[in-house]
$ cat work.txt   # compact mmCIF, C-alpha atoms
# COMPACT_ATOMS: atom_id res chain seq x y z
CA MET A 11 -160.03 -195.56 -252.67
CA THR A 12 -161.35 -196.83 -249.37
CA SER A 13 -160.64 -200.35 -248.29
CA THR A 14 -162.87 -202.84 -246.56
CA VAL A 15 -161.26 -204.43 -243.54
CA GLU A 16 -162.41 -207.87 -242.51
CA THR A 17 -161.49 -209.27 -239.10
CA VAL A 18 -161.45 -213.06 -238.90
CA SER A 19 -160.76 -215.23 -235.89
CA THR A 20 -158.43 -217.88 -237.33
CA MET A 21 -155.33 -218.04 -239.49
CA ALA A 22 -157.11 -220.51 -241.77
CA GLU A 23 -159.83 -217.98 -242.61
CA ALA A 24 -157.24 -215.26 -243.15
CA ALA A 25 -155.26 -217.57 -245.43
CA ARG A 26 -158.36 -218.23 -247.52
CA ALA A 27 -158.95 -214.51 -247.95
CA VAL A 28 -155.29 -213.95 -248.92
CA ALA A 29 -155.55 -216.77 -251.48
CA GLN A 30 -158.48 -214.86 -252.98
CA GLY A 31 -156.35 -211.74 -253.30
CA ALA A 32 -156.90 -209.88 -250.04
CA THR A 33 -154.04 -207.95 -248.47
CA PHE A 34 -153.08 -209.15 -245.00
CA LEU A 35 -152.82 -206.50 -242.29
CA ALA A 36 -150.46 -207.34 -239.42
CA GLY A 37 -148.59 -204.61 -237.51
CA GLY A 38 -149.82 -201.91 -239.86
CA THR A 39 -146.49 -200.20 -240.49
CA ILE A 40 -146.60 -201.04 -244.21
CA VAL A 41 -150.23 -201.67 -245.13
CA MET A 42 -151.73 -198.76 -243.16
CA ARG A 43 -149.47 -196.31 -245.02
CA ASP A 44 -151.20 -197.37 -248.22
CA VAL A 45 -154.60 -197.23 -246.54
CA ASN A 46 -153.90 -193.65 -245.44
CA ALA A 47 -152.73 -192.72 -248.92
CA GLY A 48 -155.84 -194.28 -250.47
CA GLU A 49 -153.63 -196.73 -252.35
CA ALA A 50 -154.42 -199.95 -250.51
CA ALA A 51 -156.08 -203.00 -252.00
CA PRO A 52 -159.88 -202.88 -251.80
CA ARG A 53 -159.99 -205.92 -249.54
CA ILE A 54 -157.89 -206.14 -246.40
CA VAL A 55 -158.01 -208.97 -243.89
CA ARG A 56 -156.68 -209.21 -240.36
CA THR A 57 -156.94 -211.90 -237.74
CA ILE A 58 -157.11 -211.95 -233.97
CA ASP A 59 -155.75 -215.53 -233.90
CA PRO A 60 -153.45 -215.58 -230.84
CA SER A 61 -151.16 -218.22 -232.38
CA LEU A 62 -149.77 -215.43 -234.53
CA ASN A 63 -147.88 -214.21 -231.48
CA ASP A 64 -146.46 -217.54 -230.27
CA ILE A 65 -142.75 -217.88 -229.65
CA ARG A 66 -141.48 -221.46 -229.28
CA ILE A 67 -137.90 -222.11 -228.29
CA SER A 68 -136.27 -225.50 -228.62
CA GLY A 69 -132.68 -226.72 -228.43
CA ASP A 70 -131.57 -226.00 -231.95
CA SER A 71 -134.28 -223.79 -233.40
CA VAL A 72 -136.88 -221.15 -232.63
CA VAL A 73 -140.35 -220.69 -234.10
CA LEU A 74 -141.68 -217.15 -234.24
CA GLY A 75 -145.33 -216.50 -235.03
CA ALA A 76 -145.58 -214.13 -237.97
CA GLY A 77 -147.27 -211.55 -235.72
CA VAL A 78 -144.44 -211.42 -233.17
CA THR A 79 -143.25 -207.82 -232.96
CA MET A 80 -139.68 -206.58 -232.94
CA ALA A 81 -140.24 -205.47 -229.33
CA GLN A 82 -141.30 -209.02 -228.40
CA VAL A 83 -138.15 -210.38 -230.01
CA LEU A 84 -136.09 -207.88 -228.00
CA ALA A 85 -137.86 -208.82 -224.77
CA ASN A 86 -136.96 -212.51 -225.14
CA ARG A 87 -133.53 -213.54 -223.87
CA ASP A 88 -133.56 -216.80 -225.85
CA LEU A 89 -133.70 -214.73 -229.04
CA GLU A 90 -130.53 -212.80 -228.27
CA PHE A 91 -128.97 -213.75 -231.60
CA LEU A 92 -131.75 -211.80 -233.32
CA HIS A 93 -131.47 -208.71 -231.11
CA PRO A 94 -128.85 -206.86 -233.20
CA ALA A 95 -131.24 -206.97 -236.17
CA ALA A 96 -134.48 -206.33 -234.24
CA ARG A 97 -132.92 -203.32 -232.49
CA MET A 98 -132.17 -201.67 -235.83
CA ILE A 99 -135.74 -201.77 -237.14
CA GLY A 100 -137.47 -198.37 -237.11
CA GLY A 101 -137.87 -196.37 -233.92
CA PRO A 102 -139.42 -197.57 -230.65
CA GLN A 103 -143.00 -197.15 -231.90
CA VAL A 104 -142.33 -199.13 -235.08
CA ARG A 105 -140.67 -201.89 -233.05
CA ASN A 106 -143.82 -202.10 -230.90
CA MET A 107 -145.89 -202.59 -234.07
CA GLY A 108 -143.78 -204.09 -236.86
CA THR A 109 -143.87 -207.87 -237.11
CA VAL A 110 -141.52 -210.67 -238.09
CA GLY A 111 -143.88 -211.74 -240.88
CA GLY A 112 -144.43 -208.23 -242.18
CA ASN A 113 -140.72 -207.51 -242.40
CA LEU A 114 -140.39 -210.31 -244.99
CA PHE A 115 -142.57 -208.26 -247.32
CA ALA A 116 -141.30 -204.78 -246.45
CA PRO A 117 -140.29 -202.98 -249.64
CA HIS A 118 -136.85 -201.43 -250.11
CA PRO A 119 -135.25 -199.80 -248.11
CA TYR A 120 -136.95 -201.76 -245.30
CA GLY A 121 -136.69 -205.44 -244.48
CA ASP A 122 -133.44 -205.65 -242.51
CA PHE A 123 -134.82 -208.26 -240.12
CA ALA A 124 -135.55 -210.49 -243.11
CA VAL A 125 -131.88 -210.11 -244.09
CA ALA A 126 -130.85 -211.64 -240.77
CA LEU A 127 -133.39 -214.46 -241.14
CA LEU A 128 -132.24 -215.16 -244.69
CA ALA A 129 -128.62 -215.52 -243.59
CA LEU A 130 -129.68 -217.78 -240.73
CA GLY A 131 -131.37 -220.17 -243.15
CA ALA A 132 -134.86 -219.61 -241.74
CA ARG A 133 -137.95 -221.17 -243.29
CA ALA A 134 -141.42 -219.73 -243.61
CA VAL A 135 -144.32 -221.85 -242.40
CA MET A 136 -147.24 -221.08 -244.69
CA ALA A 137 -150.74 -221.11 -243.15
CA GLY A 138 -152.49 -224.39 -243.84
CA GLN A 139 -149.42 -226.03 -245.41
CA SER A 140 -147.08 -228.49 -243.76
CA GLY A 141 -143.34 -228.11 -243.98
CA GLY A 142 -141.48 -224.84 -244.24
CA ARG A 143 -140.57 -222.94 -247.35
CA PRO A 144 -136.96 -221.66 -247.47
CA LEU A 145 -136.82 -217.87 -247.24
CA ASP A 146 -134.54 -217.92 -250.31
CA ASP A 147 -137.56 -219.09 -252.21
CA LEU A 148 -140.05 -216.72 -250.65
CA MET A 149 -137.75 -213.70 -251.13
CA ARG A 150 -137.40 -214.39 -254.83
CA ASP A 151 -141.04 -213.69 -255.60
CA ARG A 152 -142.19 -212.02 -252.41
CA SER A 153 -144.27 -209.40 -254.20
CA ARG A 154 -146.43 -212.20 -255.55
CA SER A 155 -146.76 -214.42 -252.51
CA PRO A 156 -150.24 -215.90 -252.81
CA ALA A 157 -150.12 -217.59 -249.42
CA LEU A 158 -149.98 -216.33 -245.86
CA VAL A 159 -146.90 -216.77 -243.69
CA ALA A 160 -148.01 -218.17 -240.33
CA ALA A 161 -144.62 -218.45 -238.65
CA ILE A 162 -140.87 -218.46 -239.15
CA GLU A 163 -138.68 -221.42 -238.17
CA CYS A 164 -135.16 -220.30 -237.56
CA PRO A 165 -132.15 -222.46 -236.65
CA ARG A 166 -130.22 -221.16 -233.63
CA PRO A 167 -126.66 -220.32 -234.63
CA ARG A 168 -123.72 -221.46 -232.53
CA ALA A 169 -122.24 -218.73 -230.35
CA GLY A 170 -120.01 -216.46 -232.41
CA SER A 171 -121.05 -217.87 -235.78
CA PHE A 172 -123.61 -215.18 -236.67
CA GLY A 173 -123.24 -211.45 -237.19
CA PHE A 174 -125.44 -208.60 -238.43
CA LEU A 175 -124.69 -205.02 -239.34
CA LYS A 176 -126.89 -202.20 -240.60
CA VAL A 177 -125.50 -198.97 -241.99
CA SER A 178 -127.64 -195.84 -241.91
CA ARG A 179 -126.89 -192.15 -242.13
CA VAL A 180 -129.19 -191.02 -239.31
CA LYS A 181 -128.63 -192.58 -235.90
CA PRO A 182 -130.09 -194.20 -233.94
CA LYS A 183 -133.01 -194.45 -236.36
CA GLY A 184 -132.44 -194.34 -240.09
CA VAL A 185 -133.17 -196.46 -243.15
CA SER A 186 -130.50 -198.63 -244.67
CA VAL A 187 -127.66 -197.57 -246.87
CA LEU A 188 -127.28 -201.32 -246.66
CA SER A 189 -127.45 -204.15 -244.19
CA VAL A 190 -125.50 -207.38 -244.18
CA ALA A 191 -125.69 -210.59 -242.18
CA ALA A 192 -123.33 -213.56 -242.13
CA LEU A 193 -123.63 -217.08 -240.76
CA LEU A 194 -120.24 -218.75 -240.64
CA PRO A 195 -120.47 -222.31 -239.27
CA ARG A 196 -116.99 -223.69 -238.58
CA GLU A 197 -115.57 -227.19 -238.57
CA GLY A 198 -112.02 -227.59 -237.34
CA GLY A 199 -111.38 -223.89 -237.77
CA ARG A 200 -112.63 -223.82 -241.37
CA ILE A 201 -115.86 -222.24 -242.54
CA ARG A 202 -118.37 -224.79 -243.89
CA GLY A 203 -121.51 -223.73 -245.73
CA PRO A 204 -121.45 -219.98 -245.06
CA ARG A 205 -124.54 -217.87 -245.69
CA VAL A 206 -124.25 -214.14 -246.41
CA ALA A 207 -127.31 -211.95 -246.99
CA TRP A 208 -127.60 -208.32 -248.04
CA GLY A 209 -130.33 -205.73 -247.55
CA ALA A 210 -130.81 -202.67 -249.79
CA MET A 211 -128.43 -204.24 -252.33
CA GLY A 212 -131.19 -205.47 -254.64
CA PRO A 213 -134.95 -205.37 -254.96
CA GLY A 214 -135.20 -207.27 -251.66
CA PRO A 215 -133.00 -209.25 -249.28
CA MET A 216 -130.44 -211.16 -251.39
CA ARG A 217 -127.87 -213.87 -250.79
CA GLY A 218 -124.27 -212.84 -251.41
CA ALA A 219 -123.15 -215.75 -253.57
CA SER A 220 -119.69 -214.40 -254.40
CA ALA A 221 -118.82 -213.76 -250.75
CA GLU A 222 -120.11 -217.19 -249.76
CA ARG A 223 -118.04 -218.92 -252.44
CA LEU A 224 -114.85 -217.21 -251.25
CA LEU A 225 -115.54 -217.94 -247.58
CA ASP A 226 -116.40 -221.62 -247.98
CA GLY A 227 -113.66 -223.94 -246.79
CA GLN A 228 -111.43 -221.08 -245.61
CA GLU A 229 -110.25 -219.94 -242.21
CA LEU A 230 -111.59 -216.56 -241.20
CA SER A 231 -108.22 -214.81 -241.57
CA ALA A 232 -107.17 -211.36 -242.75
CA ALA A 233 -106.21 -212.84 -246.14
CA THR A 234 -109.62 -214.50 -246.58
CA ILE A 235 -111.41 -211.32 -245.56
CA ASP A 236 -109.39 -209.31 -248.11
CA ARG A 237 -110.35 -211.66 -250.93
CA VAL A 238 -114.02 -211.67 -249.93
CA VAL A 239 -114.15 -207.90 -249.68
CA GLN A 240 -112.80 -207.46 -253.22
CA ALA A 241 -115.69 -209.47 -254.62
CA ALA A 242 -118.37 -208.40 -252.13
CA ALA A 243 -120.68 -206.58 -254.54
CA GLU A 244 -120.28 -209.00 -257.46
CA GLY A 245 -123.62 -210.08 -258.83
CA LEU A 246 -125.58 -207.49 -256.82
CA SER A 247 -127.53 -204.67 -258.43
CA PRO A 248 -128.42 -202.22 -255.69
CA PRO A 249 -131.08 -199.57 -256.22
CA THR A 250 -130.53 -195.81 -256.30
CA ASP A 251 -132.68 -193.87 -253.87
CA ALA A 252 -132.59 -190.72 -251.72
CA ILE A 253 -130.13 -192.41 -249.33
CA ALA A 254 -127.47 -193.57 -251.81
CA THR A 255 -126.79 -194.33 -255.46
CA ASP A 256 -126.26 -197.86 -256.76
CA TRP A 257 -122.62 -196.94 -257.41
CA TYR A 258 -122.11 -195.82 -253.81
CA ARG A 259 -123.73 -198.93 -252.39
CA ARG A 260 -121.48 -201.15 -254.50
CA GLU A 261 -118.41 -199.13 -253.50
CA VAL A 262 -119.05 -199.40 -249.74
CA ALA A 263 -120.48 -202.93 -249.59
CA GLY A 264 -117.02 -204.45 -249.20
CA VAL A 265 -116.01 -201.98 -246.50
CA HIS A 266 -119.00 -202.89 -244.37
CA LEU A 267 -118.70 -206.61 -244.99
CA LYS A 268 -115.08 -206.32 -243.87
CA ARG A 269 -116.14 -204.59 -240.66
CA LEU A 270 -118.67 -207.34 -239.97
CA LEU A 271 -116.22 -210.17 -240.67
CA GLU A 272 -113.48 -208.56 -238.58
CA GLN A 273 -115.91 -208.12 -235.75
CA MET A 274 -116.82 -211.83 -236.01
CA GLU A 275 -113.15 -212.82 -236.26
CA ARG A 276 -112.45 -211.02 -232.98
CA GLY A 277 -115.47 -212.85 -231.48
CA MET B 8 -169.07 -198.77 -245.42
CA ALA B 9 -169.75 -200.49 -242.16
CA LYS B 10 -169.21 -198.68 -238.90
CA LYS B 11 -167.79 -200.78 -236.12
CA PRO B 12 -168.33 -200.14 -232.42
CA VAL B 13 -165.15 -199.72 -230.41
CA HIS B 14 -165.01 -199.83 -226.62
CA PHE B 15 -161.81 -198.53 -225.14
CA SER B 16 -160.29 -196.76 -222.19
CA HIS B 17 -159.31 -193.22 -223.17
CA ASN B 18 -156.96 -191.62 -220.64
CA GLY B 19 -158.60 -193.68 -217.90
CA VAL B 20 -162.20 -193.02 -218.98
CA GLU B 21 -164.24 -195.90 -220.46
CA ARG B 22 -165.64 -194.84 -223.82
CA ALA B 23 -167.38 -196.21 -226.87
CA ALA B 24 -167.47 -194.79 -230.38
CA PHE B 25 -167.92 -195.96 -233.95
CA ALA B 26 -164.94 -196.50 -236.23
CA ASP B 27 -165.22 -196.29 -240.02
CA ASP B 28 -163.90 -199.04 -242.25
CA GLY B 29 -160.17 -198.59 -242.68
CA GLN B 30 -160.09 -195.59 -240.35
CA ASN B 31 -156.84 -195.07 -238.49
CA LEU B 32 -156.67 -194.49 -234.76
CA LEU B 33 -155.36 -190.93 -235.15
CA GLU B 34 -158.41 -189.81 -237.09
CA PHE B 35 -160.66 -191.81 -234.77
CA LEU B 36 -159.24 -190.09 -231.68
CA ARG B 37 -159.33 -186.61 -233.20
CA ARG B 38 -162.71 -186.76 -234.93
CA GLY B 39 -164.56 -189.52 -233.08
CA ALA B 40 -163.28 -188.98 -229.54
CA GLY B 41 -162.48 -185.25 -229.71
CA ASP B 42 -158.89 -185.67 -228.52
CA LEU B 43 -156.80 -183.26 -230.58
CA SER B 44 -153.52 -183.92 -228.76
CA PRO B 45 -152.15 -186.56 -231.16
CA LYS B 46 -151.08 -184.70 -234.31
CA TYR B 47 -151.20 -185.60 -237.97
CA GLY B 48 -147.70 -185.14 -239.33
CA CYS B 49 -146.99 -187.53 -242.17
CA GLY B 50 -149.58 -190.32 -242.12
CA GLN B 51 -146.68 -192.62 -242.99
CA GLY B 52 -145.27 -193.60 -239.63
CA THR B 53 -142.17 -191.48 -240.04
CA CYS B 54 -142.60 -188.43 -237.80
CA GLY B 55 -144.01 -189.69 -234.50
CA ALA B 56 -146.33 -186.67 -233.99
CA CYS B 57 -149.28 -189.05 -233.60
CA THR B 58 -147.62 -191.22 -230.91
CA VAL B 59 -149.99 -192.61 -228.28
CA MET B 60 -149.68 -195.39 -225.70
CA ILE B 61 -151.71 -198.53 -226.34
CA ASP B 62 -151.74 -200.77 -223.26
CA GLY B 63 -148.63 -198.91 -222.14
CA GLU B 64 -146.67 -199.29 -225.40
CA THR B 65 -145.95 -196.36 -227.66
CA GLN B 66 -147.41 -196.82 -231.12
CA LEU B 67 -148.06 -194.61 -234.13
CA SER B 68 -151.79 -193.93 -234.12
CA CYS B 69 -151.81 -193.07 -237.84
CA LEU B 70 -150.79 -196.66 -238.60
CA VAL B 71 -153.14 -198.38 -236.15
CA LEU B 72 -156.49 -199.56 -237.43
CA ALA B 73 -159.02 -197.84 -235.15
CA GLU B 74 -161.21 -200.93 -234.69
CA SER B 75 -158.21 -202.95 -233.49
CA ILE B 76 -158.08 -201.03 -230.18
CA ASP B 77 -161.39 -202.51 -229.02
CA GLY B 78 -160.95 -203.44 -225.35
CA LYS B 79 -157.59 -201.69 -225.06
CA SER B 80 -156.35 -198.75 -223.07
CA ILE B 81 -155.24 -195.60 -224.91
CA ARG B 82 -153.22 -192.81 -223.33
CA THR B 83 -152.48 -189.58 -225.12
CA ALA B 84 -150.71 -186.34 -224.22
CA ALA B 85 -154.10 -184.88 -223.27
CA GLY B 86 -154.24 -187.35 -220.38
CA LEU B 87 -150.83 -186.62 -218.90
CA ALA B 88 -151.93 -183.74 -216.68
CA SER B 89 -154.42 -184.31 -213.86
CA ASP B 90 -155.09 -181.27 -211.69
CA GLN B 91 -151.40 -180.50 -212.10
CA LEU B 92 -149.21 -180.66 -215.16
CA ASP B 93 -147.07 -183.75 -215.60
CA PRO B 94 -143.48 -183.01 -214.46
CA LEU B 95 -142.43 -183.61 -218.08
CA GLN B 96 -144.74 -180.84 -219.27
CA VAL B 97 -143.25 -178.44 -216.72
CA ALA B 98 -139.71 -179.45 -217.66
CA PHE B 99 -140.46 -178.98 -221.37
CA MET B 100 -141.49 -175.39 -220.61
CA ASP B 101 -138.51 -174.75 -218.33
CA HIS B 102 -136.05 -176.05 -220.91
CA PHE B 103 -137.69 -174.41 -223.95
CA ALA B 104 -138.19 -177.90 -225.36
CA ALA B 105 -141.12 -176.78 -227.51
CA GLN B 106 -140.88 -174.19 -230.24
CA CYS B 107 -143.61 -174.67 -232.83
CA GLY B 108 -145.03 -177.37 -230.55
CA TYR B 109 -146.23 -179.77 -233.21
CA CYS B 110 -143.99 -182.66 -232.13
CA THR B 111 -144.49 -181.97 -228.42
CA PRO B 112 -147.48 -184.25 -227.67
CA GLY B 113 -145.70 -187.18 -229.33
CA MET B 114 -142.44 -186.37 -227.56
CA LEU B 115 -144.23 -186.21 -224.21
CA VAL B 116 -145.91 -189.58 -224.75
CA SER B 117 -142.62 -191.22 -225.77
CA ALA B 118 -140.86 -189.65 -222.79
CA ARG B 119 -143.58 -190.67 -220.35
CA ALA B 120 -143.49 -194.27 -221.63
CA LEU B 121 -139.70 -194.29 -221.20
CA LEU B 122 -139.81 -193.03 -217.61
CA GLU B 123 -142.50 -195.53 -216.64
CA ARG B 124 -140.37 -198.37 -217.95
CA ASN B 125 -137.03 -196.96 -216.89
CA PRO B 126 -137.20 -194.12 -214.33
CA LYS B 127 -133.44 -193.43 -214.47
CA PRO B 128 -132.50 -193.52 -218.15
CA THR B 129 -129.09 -192.57 -219.45
CA ARG B 130 -128.73 -189.85 -222.06
CA GLU B 131 -128.36 -192.56 -224.75
CA GLU B 132 -131.55 -194.26 -223.57
CA VAL B 133 -133.40 -190.94 -223.79
CA MET B 134 -132.11 -190.41 -227.34
CA GLU B 135 -133.17 -193.93 -228.28
CA ALA B 136 -136.62 -193.44 -226.73
CA ILE B 137 -137.35 -190.30 -228.76
CA SER B 138 -135.65 -191.54 -231.94
CA GLY B 139 -139.05 -192.22 -233.49
CA ASN B 140 -140.15 -188.60 -232.97
CA LEU B 141 -138.96 -185.91 -235.36
CA CYS B 142 -138.50 -182.32 -234.20
CA ARG B 143 -137.52 -179.77 -236.84
CA CYS B 144 -137.17 -176.80 -234.47
CA THR B 145 -135.17 -177.53 -231.38
CA GLY B 146 -132.29 -179.73 -232.51
CA TYR B 147 -133.41 -182.13 -229.75
CA GLU B 148 -130.98 -180.91 -227.07
CA PRO B 149 -133.58 -179.00 -225.02
CA ILE B 150 -135.93 -182.01 -225.22
CA ILE B 151 -133.24 -184.41 -224.01
CA SER B 152 -132.34 -181.99 -221.21
CA ALA B 153 -135.97 -181.70 -220.13
CA ILE B 154 -136.46 -185.47 -219.95
CA LEU B 155 -133.17 -185.98 -218.10
CA ALA B 156 -134.09 -183.21 -215.66
CA VAL B 157 -137.27 -185.08 -214.71
CA ALA B 158 -135.42 -188.41 -214.50
CA GLU B 159 -132.77 -186.91 -212.25
CA GLY B 160 -135.37 -185.18 -210.07
CA ARG B 161 -134.10 -181.71 -210.99
CA ALA B 162 -137.39 -180.49 -212.45
CA GLN B 163 -139.78 -178.49 -210.32
CA ALA B 164 -143.28 -179.85 -210.53
$ encode --input "work.txt" --output "structure tokens"
Amino acid sequence: MTSTVETVSTMAEAARAVAQGATFLAGGTIVMRDVNAGEAAPRIVRTIDPSLNDIRISGDSVVLGAGVTMAQVLANRDLEFLHPAARMIGGPQVRNMGTVGGNLFAPHPYGDFAVALLALGARAVMAGQSGGRPLDDLMRDRSRSPALVAAIECPRPRAGSFGFLKVSRVKPKGVSVLSVAALLPREGGRIRGPRVAWGAMGPGPMRGASAERLLDGQELSAATIDRVVQAAAEGLSPPTDAIATDWYRREVAGVHLKRLLEQMERG
Amino acid sequence: MAKKPVHFSHNGVERAAFADDGQNLLEFLRRGAGDLSPKYGCGQGTCGACTVMIDGETQLSCLVLAESIDGKSIRTAAGLASDQLDPLQVAFMDHFAAQCGYCTPGMLVSARALLERNPKPTREEVMEAISGNLCRCTGYEPIISAILAVAEGRAQA
């Protein structure tokens, strides 16, 4: 089936088309695959609105236009905390194309950047709506998002409080066995309100509730890490694909979470 | 199906052609602009055989909507040589970096983009730069050697 592509000049017009069921085309790395395979929606909309590429940095948060590419994230020194995740997306060509907004909707096994954003407590700014929507919310029913993400608001983590790790078989470019991100804010040496997020451990990026529960209120010590690792995969139902089985992903989740936490403990 | 006019710079030459609705840049370049150097490998953004430079950045032409390049500058492997071959092309021959040759245009474009951004890359930087280009013949070593030879000024051109 061939698709009709509409180019509109503003986000507002694009949002209206999306509300009517059109598919939004951003960097192309997901939607154009379907177009090439003849499997895309009949109506596709794209916009040349430059605000899609805005990056705004303030003291405690950053706002990334949904059309900001991984390469733009990597070129910005104020976004250093996001570099470990951005660097692991695709190869160089995909990083020049793939966008922050698109990654939120990337099907398994993609979407590792969204994992980092989810752990950071980012919010999605929907086009034409005021106030952000927590990514937790958006990720839960992302396949049915009827509105267009205009930008991402992301709190800046304190130095040393955020870590990200992606595990793939082929290096330096390979899809995820899994990815995991952790935000561990500390008060007086104890972790308060930790956020852990997993990629490739469910239908989309997921919070790691069991790990968070065991980290909350604790010091990041070897004993804490051991307890967390035991329960790492609890409540997660990872998919089986060509990269790994669900069993394997559950088996190794704790090992990789341990590596991430130890790396953060060392600082 | 509406055809849309696209004005673009193609290897330094200003051109105009019509793009079909939903047509990707790879097909547009091959059929519309007669440039057969970018190759169709997977149509899924996995193999890198269709790599071109858009305003100096490497992108996968099979995943770029043709009409979106209006006003932009496209460089492909066909534009690397002028009256002489690009030093990378010579080095690829000297190092046997092409066997079946299907990945070669994409490899050359990725390598050229790397050297323009970073004329003295390390071996790791070379590997990273071609990580989006699959080669099923060479095992990559000859390709890495060829690119490093140019970077280190060891290639004859």
$ atom_distance --input "work.txt" --atom1 "atom CA of B:Pro112" --atom2 "atom CA of B:Ser44"
6.1 Å
$ residues_around --input "work.txt" --residues "A:Gln273" --least-positions-apart "3" --cutoff "12 Å" --atoms "all atoms listed in the file" --output "compact mmCIF listing (two decimals) with C-alpha atoms, in the coordinates of the input"
# COMPACT_ATOMS: atom_id res chain seq x y z
CA GLY A 170 -120.01 -216.46 -232.41
CA SER A 171 -121.05 -217.87 -235.78
CA PHE A 172 -123.61 -215.18 -236.67
CA GLY A 173 -123.24 -211.45 -237.19
CA PHE A 174 -125.44 -208.60 -238.43
CA LEU A 175 -124.69 -205.02 -239.34
CA ALA A 191 -125.69 -210.59 -242.18
CA ALA A 192 -123.33 -213.56 -242.13
CA LEU A 230 -111.59 -216.56 -241.20
CA SER A 231 -108.22 -214.81 -241.57
CA ALA A 232 -107.17 -211.36 -242.75
CA ILE A 235 -111.41 -211.32 -245.56
CA HIS A 266 -119.00 -202.89 -244.37
CA LEU A 267 -118.70 -206.61 -244.99
CA LYS A 268 -115.08 -206.32 -243.87
CA ARG A 269 -116.14 -204.59 -240.66
CA LEU A 270 -118.67 -207.34 -239.97
CA ARG A 276 -112.45 -211.02 -232.98
CA GLY A 277 -115.47 -212.85 -231.48
$ interface_residues --input "work.txt" --of "chain A" --to "chain B" --cutoff "9 Å" --atoms "all atoms listed in the file" --output "ChimeraX atom specification"
/A:12-16,37-47,54,100-107,181-183
$ atom_distance --input "work.txt" --atom1 "atom CA of A:Ala252" --atom2 "atom CA of B:Glu34"
29.7 Å
$ residues_around --input "work.txt" --residues "A:Pro215" --least-positions-apart "3" --cutoff "9 Å" --atoms "all atoms listed in the file" --output "ChimeraX atom specification"
/A:114,118,121-122,124-125,128,146,149-150,207-212
$ atom_distance --input "work.txt" --atom1 "atom CA of B:Glu148" --atom2 "atom CA of B:His102"
9.3 Å
$ closest_residue --input "work.txt" --among "B:Ala118, B:Val13, B:Ala24, B:Cys57" --to "B:Gly78" --atoms "only C-alpha atoms"
B:Val13
$ residues_around --input "work.txt" --residues "A:Asp251" --least-positions-apart "4" --cutoff "9 Å" --atoms "only C-alpha atoms" --output "list in words"
Pro119, Thr255 and Asp256 of chain A
$ closest_residue --input "work.txt" --among "B:Ala73, B:Ala26, B:Val116, B:Ala105" --to "B:Ala88" --atoms "all atoms listed in the file"
B:Val116
$ closest_residue --input "work.txt" --among "B:Gly113, B:Gly108, B:Gly48, B:Pro94" --to "B:Val157" --atoms "only C-alpha atoms"
B:Pro94
$ closest_residue --input "work.txt" --among "B:Arg130, B:Arg119, B:Gln106, B:Ala85" --to "B:Arg37" --atoms "all atoms listed in the file"
B:Ala85
$ residues_near_point --input "work.txt" --point "(-152.6, -192.6, -222.0)" --cutoff "9 Å" --atoms "only C-alpha atoms" --output "list in words"
Ser16, His17, Asn18, Gly19, Val59, Met60, Ile61, Asp62, Gly63, Ser80, Ile81, Arg82, Thr83, Ala84, Ala85, Gly86, Leu87 and Val116 of chain B
$ residues_around --input "work.txt" --residues "A:Ala233" --least-positions-apart "6" --cutoff "12 Å" --atoms "all atoms listed in the file" --output "number ranges by chain"
A: 224-225, 239-240, 268, 271-272
$ closest_residue --input "work.txt" --among "A:Arg259, A:Arg202, A:Lys176, A:Arg223" --to "A:Ala95" --atoms "all atoms listed in the file"
A:Lys176
$ closest_residue --input "work.txt" --among "B:Leu115, B:Ala156, B:Leu141, B:Leu95" --to "A:Gly184" --atoms "all atoms listed in the file"
B:Leu141
$ residues_around --input "work.txt" --residues "B:Leu36" --least-positions-apart "6" --cutoff "8 Å" --atoms "only C-alpha atoms" --output "PyMOL selection string"
chain B and resi 42-43+45
$ residues_near_point --input "work.txt" --point "(-137.1, -213.4, -232.3)" --cutoff "7 Å" --atoms "all atoms listed in the file" --output "list in words"
Leu74, Val83, Leu89 and Leu92 of chain A
$ build_atoms --input "work.txt" --residues "stretch 62-68 of chain B" --atoms "N, CA and C atoms" --output "PDB file, keeping the file's coordinate frame"
ATOM      1  N   ASP B  62    -152.098-199.834-224.344  1.00  0.00           N
ATOM      2  CA  ASP B  62    -151.740-200.770-223.260  1.00  0.00           C
ATOM      3  C   ASP B  62    -150.299-200.540-222.808  1.00  0.00           C
ATOM      4  N   GLY B  63    -149.941-199.269-222.683  1.00  0.00           N
ATOM      5  CA  GLY B  63    -148.630-198.910-222.140  1.00  0.00           C
ATOM      6  C   GLY B  63    -147.487-198.858-223.131  1.00  0.00           C
ATOM      7  N   GLU B  64    -147.725-199.297-224.374  1.00  0.00           N
ATOM      8  CA  GLU B  64    -146.670-199.290-225.400  1.00  0.00           C
ATOM      9  C   GLU B  64    -146.868-198.126-226.338  1.00  0.00           C
ATOM     10  N   THR B  65    -145.791-197.439-226.693  1.00  0.00           N
ATOM     11  CA  THR B  65    -145.950-196.360-227.660  1.00  0.00           C
ATOM     12  C   THR B  65    -146.175-196.949-229.054  1.00  0.00           C
ATOM     13  N   GLN B  66    -147.156-196.415-229.739  1.00  0.00           N
ATOM     14  CA  GLN B  66    -147.410-196.820-231.120  1.00  0.00           C
ATOM     15  C   GLN B  66    -147.786-195.581-231.927  1.00  0.00           C
ATOM     16  N   LEU B  67    -147.745-195.729-233.238  1.00  0.00           N
ATOM     17  CA  LEU B  67    -148.060-194.610-234.130  1.00  0.00           C
ATOM     18  C   LEU B  67    -149.543-194.707-234.490  1.00  0.00           C
ATOM     19  N   SER B  68    -150.345-193.765-233.959  1.00  0.00           N
ATOM     20  CA  SER B  68    -151.790-193.930-234.120  1.00  0.00           C
ATOM     21  C   SER B  68    -152.226-193.816-235.581  1.00  0.00           C
TER      22      SER B  68
END
